[in-house]
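Peer 1: Starting off with a structure, shown below.
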Amino acid sequence: MFESLSDKLSAVFDRLTKRGALTENDVDEALREIRRALLEADVALDVVRSFADKVRDRAVGANVIKSVSPGQMVVKIVNDVLVETLGDTAEPINLAAKPPVAIMMVGLQGAGKTTTTAKIAKRLKERHDKRVLMASLDVKRPAAQEQLAVLGRQVEIDTLPIVAGQTPLQIARRAMEAARLEGYDVVLLDTAGRTHIDEPLMQEMADIKSYASPHEILLVADALTGQDAVNLAKNFDERVGITGIVLTRMDGDGRGGAALSMRYVTGKPIKLIGTGEKMDAVDEFSPQRIANRILGMGDIVALVEKAAAAIDAEEARKAAARMAKGKFDLQDLCDQLAQVEKIGGFGGIMGLLPGVAKMKDQIEKAGIDDKLIKRQRGIILSMTPQERRNPDLMKASRKKRIAAGSGMRVEDVNKLLKQHRQMADLMKSFGGGKRGGMMGKAAQ
Ligand code: GDP
């Protein structure tokens, strides 16, 4: 899958990675090519535009890490934007409800709905140890119910016995009752398809939805239909409401347009992808993995990530070594604040520490928030390098200049300097001991 898109993007990056430095012209030229490649891959125009804007914003302002080339940096940026566009994280099927959990499968005829229903049932049984019941609500296509029964036997999943002459709603009722009585964990309701969207179909879906209150409504769409699949998802979502998408025939999709546009246009996650006709040919949709396949440049992405991590570690080591000697100037404080911002500000830190969330109110009352970090960094960045290294230089006239430069008041500058002094004293008391103290150990 995605061979052609990945080939085209590779050609763009090959040219870039060979150059030493990256100019704005280079970025623009690469973006032109990227835009063309995406459009040819049948990615929706809106998505292409927003994609290119994001890449440009980040590429032009990016700090290029020393040990990688600017071209490699752009590859990493394109990768990150791809992952974001695809939805950041994998979203598995949600089964967190009182059993029996109903999952309703919807979609057009031929999209792979019945096949996917059986694939999902098999997966839930094998990987999640669930007892699954499948029921076909398709009374229009004569062989539909029998087709599901055949697949059920093949994957060893129970199907609801066929009773001729029942309406879809009656079948749904029978399926839910059977599941309750017989202790099934999950009921998969395979609904009828049509060759195109029409009002009676939508009404039928809405009725089944209001009766069975499904926990998930998964639209099965054929990736090979590109933009049509995306429009279909939008339509189904507006009329019936869907919770996720299964993109089938990703094994044959050389262009990748549907996958890339789907999340952006519908706002709904792709939860699974179909990768073949066999009953095991279904995978969790992983934005990272798909981005990797589209770009075909996992090695470069990993390289840039490693280089960035190495630089962070190196900076932390240097800072710890300085502090061990009792040195903690304003530049150090600025670097520390930048680190806090990088991991998502105080909100990010609090999210990482269990129990701290409870203290949120107190922290906010004390005026420690992410805006404060920004303001404090702003003040330090308005100082000259000499002032940052030597806070004793700070006289009234300098303070005035710094306050004006950062849009703050002199008393804010004083407050920051006082805070810094307290922190530096604290560092000294840690680091001043004969054997290097706490910070000394951290630096070793
Ligand atoms: P429905 O009408 O939506 O229920 O579609 P079916 O489940 O009957 O599938 C139609 C055809 O598509 C069958 O031959 C399936 O084997 C095939 N199919 C379904 N999913 C995939 C997939 O992910 N990849 C490939 N290559 N074929 C698929």
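Each chain of the structure tokens is named A, B, ... in the order shown, its residues numbered from 1; ligands are numbered from 1 in display order.
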Could you list, as a VMD selection string, every residue within 9 Å of Ala424 (chain A), counting only C-alpha atoms and ignoring same-chain residues fewer than 2 positions away?
Peer 2: chain A and resid 323 326 to 329 419 to 422 426 to 429
Peer 1: Show me which residues sit within 8 Å of ligand 1 when counting only C-alpha atoms and all ligand atoms, and put them as a PyMOL selection string.
Peer 2: chain A and resi 107-117+144+147+192-193+220+222+247-252+273-278+281-282
Peer 1: Here is a test: counting only C-alpha atoms, which residue of A:Gly241, A:Val60, A:Gly226, A:Val413 is nearest to Thr23 (chain A)?
Peer 2: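 Of all the options, A:Val60 lies closest to Thr23 (chain A).
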Peer 1: Please determine, counting only C-alpha atoms, which residue among A:Gln145, A:Arg153, A:Thr159, A:Thr167 has the shortest atom-to-atom distance to Val132 (chain A).
Peer 2: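 Result for the nearest residue to Val132 (chain A): A:Thr159.
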Peer 1: Mind checking which residues fall within 6 Å of Ser6 (chain A), counting only C-alpha atoms, ignoring those fewer than 6 positions away in the same chain, and posting them as a CSV table (one decimal) with N, CA and C atoms, in the first residue's frame?
Peer 2:
chain,number,residue,atom,x,y,z
A,294,ILE,N,3.7,5.6,4.5
A,294,ILE,CA,3.5,6.6,3.4
A,294,ILE,C,4.8,7.3,3.1
A,295,LEU,N,5.6,7.6,4.1
A,295,LEU,CA,6.9,8.3,3.9
A,295,LEU,C,8.0,7.3,3.5
A,296,GLY,N,7.9,6.1,4.1
A,296,GLY,CA,8.9,5.1,3.8
A,296,GLY,C,10.3,5.6,4.3
Peer 1: May I have the residues within 12 Å of Asp14 (chain A) as a list in words, using only C-alpha atoms and disregarding those fewer than 6 positions away in the same chain?
Peer 2: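 Neighbouring residues, sequence-local ones excluded: Ser6, Asp7, Lys8, Ala30, Ser69, Pro70, Gly71, Gln72, Val74, Val75, Leu295, Gly296, Met297 and Ile300 of chain A.
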Peer 1: Write out as a list in words each polymer residue whose atoms come within 9 Å of Ala135 (chain A), counting only C-alpha atoms; drop sequence neighbours fewer than 4 positions from it.
Peer 2: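 These residues fall inside the cut-off: Gln145, Leu148, Ala149, Asp158, Thr159, Leu160, Pro161, Ile162, Ile171, Ala172, Ala175, Val187, Leu188, Leu189, Asp190 and Thr191 of chain A.
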Peer 1: Write the selection just made, keeping N, CA and C atoms, as a PDB file, in the first residue's frame?
Peer 2:
ATOM      1  N   GLN A 145     -27.776 -13.162   4.955  1.00  0.00           N
ATOM      2  CA  GLN A 145     -27.778 -13.802   6.275  1.00  0.00           C
ATOM      3  C   GLN A 145     -27.014 -15.126   6.227  1.00  0.00           C
ATOM      4  N   LEU A 148     -23.189 -14.606   6.294  1.00  0.00           N
ATOM      5  CA  LEU A 148     -22.632 -14.381   7.629  1.00  0.00           C
ATOM      6  C   LEU A 148     -22.554 -15.702   8.400  1.00  0.00           C
ATOM      7  N   ALA A 149     -23.588 -16.547   8.216  1.00  0.00           N
ATOM      8  CA  ALA A 149     -23.591 -17.845   8.911  1.00  0.00           C
ATOM      9  C   ALA A 149     -22.407 -18.699   8.460  1.00  0.00           C
ATOM     10  N   ASP A 158     -20.590 -17.818  16.933  1.00  0.00           N
ATOM     11  CA  ASP A 158     -22.027 -18.086  16.806  1.00  0.00           C
ATOM     12  C   ASP A 158     -22.723 -17.002  16.008  1.00  0.00           C
ATOM     13  N   THR A 159     -23.683 -17.429  15.194  1.00  0.00           N
ATOM     14  CA  THR A 159     -24.538 -16.444  14.523  1.00  0.00           C
ATOM     15  C   THR A 159     -25.975 -16.686  14.966  1.00  0.00           C
ATOM     16  N   LEU A 160     -26.756 -15.638  14.958  1.00  0.00           N
ATOM     17  CA  LEU A 160     -28.158 -15.747  15.366  1.00  0.00           C
ATOM     18  C   LEU A 160     -28.897 -16.622  14.343  1.00  0.00           C
ATOM     19  N   PRO A 161     -29.659 -17.646  14.797  1.00  0.00           N
ATOM     20  CA  PRO A 161     -30.385 -18.482  13.836  1.00  0.00           C
ATOM     21  C   PRO A 161     -31.285 -17.635  12.929  1.00  0.00           C
ATOM     22  N   ILE A 162     -31.336 -18.031  11.653  1.00  0.00           N
ATOM     23  CA  ILE A 162     -32.109 -17.249  10.679  1.00  0.00           C
ATOM     24  C   ILE A 162     -33.593 -17.593  10.795  1.00  0.00           C
ATOM     25  N   ILE A 171     -35.034  -8.626  14.098  1.00  0.00           N
ATOM     26  CA  ILE A 171     -33.805  -9.431  14.225  1.00  0.00           C
ATOM     27  C   ILE A 171     -32.899  -8.813  15.293  1.00  0.00           C
ATOM     28  N   ALA A 172     -32.806  -7.486  15.269  1.00  0.00           N
ATOM     29  CA  ALA A 172     -31.954  -6.812  16.264  1.00  0.00           C
ATOM     30  C   ALA A 172     -32.446  -7.118  17.671  1.00  0.00           C
ATOM     31  N   ALA A 175     -31.564 -10.610  18.617  1.00  0.00           N
ATOM     32  CA  ALA A 175     -30.116 -10.743  18.870  1.00  0.00           C
ATOM     33  C   ALA A 175     -29.773 -10.236  20.270  1.00  0.00           C
ATOM     34  N   VAL A 187     -22.286  -8.183  20.819  1.00  0.00           N
ATOM     35  CA  VAL A 187     -23.166  -8.540  19.703  1.00  0.00           C
ATOM     36  C   VAL A 187     -22.786  -7.684  18.504  1.00  0.00           C
ATOM     37  N   LEU A 188     -22.431  -8.320  17.402  1.00  0.00           N
ATOM     38  CA  LEU A 188     -22.111  -7.562  16.185  1.00  0.00           C
ATOM     39  C   LEU A 188     -23.320  -7.566  15.267  1.00  0.00           C
ATOM     40  N   LEU A 189     -23.846  -6.389  14.978  1.00  0.00           N
ATOM     41  CA  LEU A 189     -25.030  -6.287  14.121  1.00  0.00           C
ATOM     42  C   LEU A 189     -24.594  -5.848  12.732  1.00  0.00           C
ATOM     43  N   ASP A 190     -24.667  -6.767  11.782  1.00  0.00           N
ATOM     44  CA  ASP A 190     -24.275  -6.472  10.399  1.00  0.00           C
ATOM     45  C   ASP A 190     -25.510  -5.976   9.655  1.00  0.00           C
ATOM     46  N   THR A 191     -25.552  -4.686   9.357  1.00  0.00           N
ATOM     47  CA  THR A 191     -26.767  -4.122   8.745  1.00  0.00           C
ATOM     48  C   THR A 191     -26.730  -4.256   7.219  1.00  0.00           C
TER      49      THR A 191
END
Peer 1: Report the distance between CA of Val101 (chain A) and CA of Ile245 (chain A) in Å, rounded to one decimal place.
Peer 2: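 Interatomic distance, CA of Val101 (chain A) to CA of Ile245 (chain A): 17.8 Å.
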Peer 1: So that I can see what lies close to Met262 (chain A), please list as a PyMOL selection string the residues with an atom at most 10 Å from it, counting only C-alpha atoms and leaving out residues fewer than 4 positions away in the same chain.
Peer 2: chain A and resi 43-44+47+85-87+223+226-227+229-231+233-234+245+247+257-258+266-270
Peer 1: Emit the selected residues as a PDB file, in the first residue's frame, including C-alpha atoms.
Peer 2:
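File again.pdb, as written:
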ATOM      1  CA  VAL A  43      -6.131  13.538  -0.638  1.00  0.00           C
ATOM      2  CA  ALA A  44      -8.860  16.158  -0.114  1.00  0.00           C
ATOM      3  CA  VAL A  47      -6.360  18.503   3.965  1.00  0.00           C
ATOM      4  CA  THR A  85      -3.371  14.334  10.394  1.00  0.00           C
ATOM      5  CA  LEU A  86      -3.982  10.618  10.711  1.00  0.00           C
ATOM      6  CA  GLY A  87      -5.132  11.075  14.296  1.00  0.00           C
ATOM      7  CA  ALA A 223     -10.182   2.724   0.723  1.00  0.00           C
ATOM      8  CA  GLY A 226     -10.675   7.510  -2.163  1.00  0.00           C
ATOM      9  CA  GLN A 227     -12.599  10.750  -1.787  1.00  0.00           C
ATOM     10  CA  ALA A 229     -15.155   6.951   0.977  1.00  0.00           C
ATOM     11  CA  VAL A 230     -14.499  10.180   2.842  1.00  0.00           C
ATOM     12  CA  ASN A 231     -17.730  11.798   1.632  1.00  0.00           C
ATOM     13  CA  ALA A 233     -18.261   8.750   6.050  1.00  0.00           C
ATOM     14  CA  LYS A 234     -19.239  12.384   6.377  1.00  0.00           C
ATOM     15  CA  ILE A 245     -14.306   3.855  10.578  1.00  0.00           C
ATOM     16  CA  LEU A 247     -11.058   1.186   5.962  1.00  0.00           C
ATOM     17  CA  GLY A 257      -5.830   9.507  -0.035  1.00  0.00           C
ATOM     18  CA  ALA A 258      -8.772   8.121   1.912  1.00  0.00           C
ATOM     19  CA  THR A 266     -14.902  13.580   9.451  1.00  0.00           C
ATOM     20  CA  GLY A 267     -13.256  14.076  12.825  1.00  0.00           C
ATOM     21  CA  LYS A 268     -13.853  10.373  13.423  1.00  0.00           C
ATOM     22  CA  PRO A 269     -11.043   7.896  14.035  1.00  0.00           C
ATOM     23  CA  ILE A 270     -10.104   5.092  11.698  1.00  0.00           C
TER      24      ILE A 270
END
Peer 1: Take CA of Glu156 (chain A) and CA of Gly244 (chain A) and report the distance between them in Å, one decimal.
Peer 2: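 One can read the CA of Glu156 (chain A) to CA of Gly244 (chain A) distance as 25.6 Å.
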Peer 1: Would you kindly return, as a list in words, each protein, DNA or RNA residue with an atom no farther than 9 Å from any atom of Gly378 (chain A), considering only C-alpha atoms and excluding same-chain residues fewer than 2 positions away?
Peer 2: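 What passes the distance filter is Ile373, Lys374, Arg375, Gln376, Ile380, Leu381, Ser382, Gly405, Ser406, Gly407 and Met408 of chain A.
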